[in-house]
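Asker: Below is a structure I'd like to ask you about.
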Amino acid sequence: MNHFKKSCFPIFLSVAICCCSLAAAFAASPFSVAAKHDMTSGEYNTAYHDLKDKGYRLQCVSGYEEGGVAKFAAVWKKESGPSLATFHQLTSAEYQEKYTYYDGQGYKLTFVNAFRAGGKVWYSAIWEKKTGPDVKGYHGMTSAAYNDKYQEMKGKGYRLRCVSGVSGNDDQAYFVGVWEKTTGPD
């Protein structure tokens, strides 16, 4: 079964579904939440540090291109918690380097977003230093590879936690996903 049909892959899919779901869930909650969009990389960095200093933790950050410029949308929640490692504009090689490093340091990948800007594919990601179920992240998957990985991980007891798609330089859809080893519905 194709879990993400190409007909559902609009041009601007790079704004991740994960952020939208978090923002909607928090809007009806008693938590203090901050959401910002239309930020350049510099504006995002300023907002990130300002909100971090006020006790907010980044929940998700999605990149997209507007007018030839990389822009960012992000959601923060006022809460305490374990250490985070966050990045908002990594190349594929940089993302893999960070993934390998933080996984080896006991961090769990909690969010990832793929987007295209300036003719390149970029990744935004959040790792959290915590114990718990095993987490695996995979990126650069074609639609067929994503579907195969989805079935493979499901068979191993992992559940998809976050997925993002992007149009690559060859105009083919590529996916990045986070799976967590846990029981529960598909």
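The way I read the labels, and the way they are meant: chains A, B, ... in the order of the structure tokens, residue 1 as the first residue of every chain, and ligand 1 as the first ligand shown, with later ones counted on from there.
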Write out as a list of chain:residue names each polymer residue whose atoms come within 8 Å of range 178-182 of chain A, counting only C-alpha atoms; drop sequence neighbours fewer than 5 positions from it.
Answerer: A:Leu109, A:Thr110, A:Phe111, A:Val112, A:Pro133, A:Asp134, A:Val135, A:Lys136, A:Gly137, A:Tyr138, A:Met153, A:Lys156, A:Gly157, A:Tyr158, A:Arg159, A:Leu160, A:Arg161, A:Cys162, A:Val163
Asker: Could you give me, as a ChimeraX atom specification, each residue of range 17-167 of chain A that DSSP assigns to strand (DSSP E) when run on this structure's backbone?
Answerer: /A:33-39,56-66,69-78,84-90,107-117,120-129,135-142,158-167
Asker: Compare A:Lys130, A:Lys71, A:Lys77, A:Lys36 by their minimum atom-to-atom distance to Gln89 in chain A, counting only C-alpha atoms, and give me the closest one.
Answerer: A:Lys71
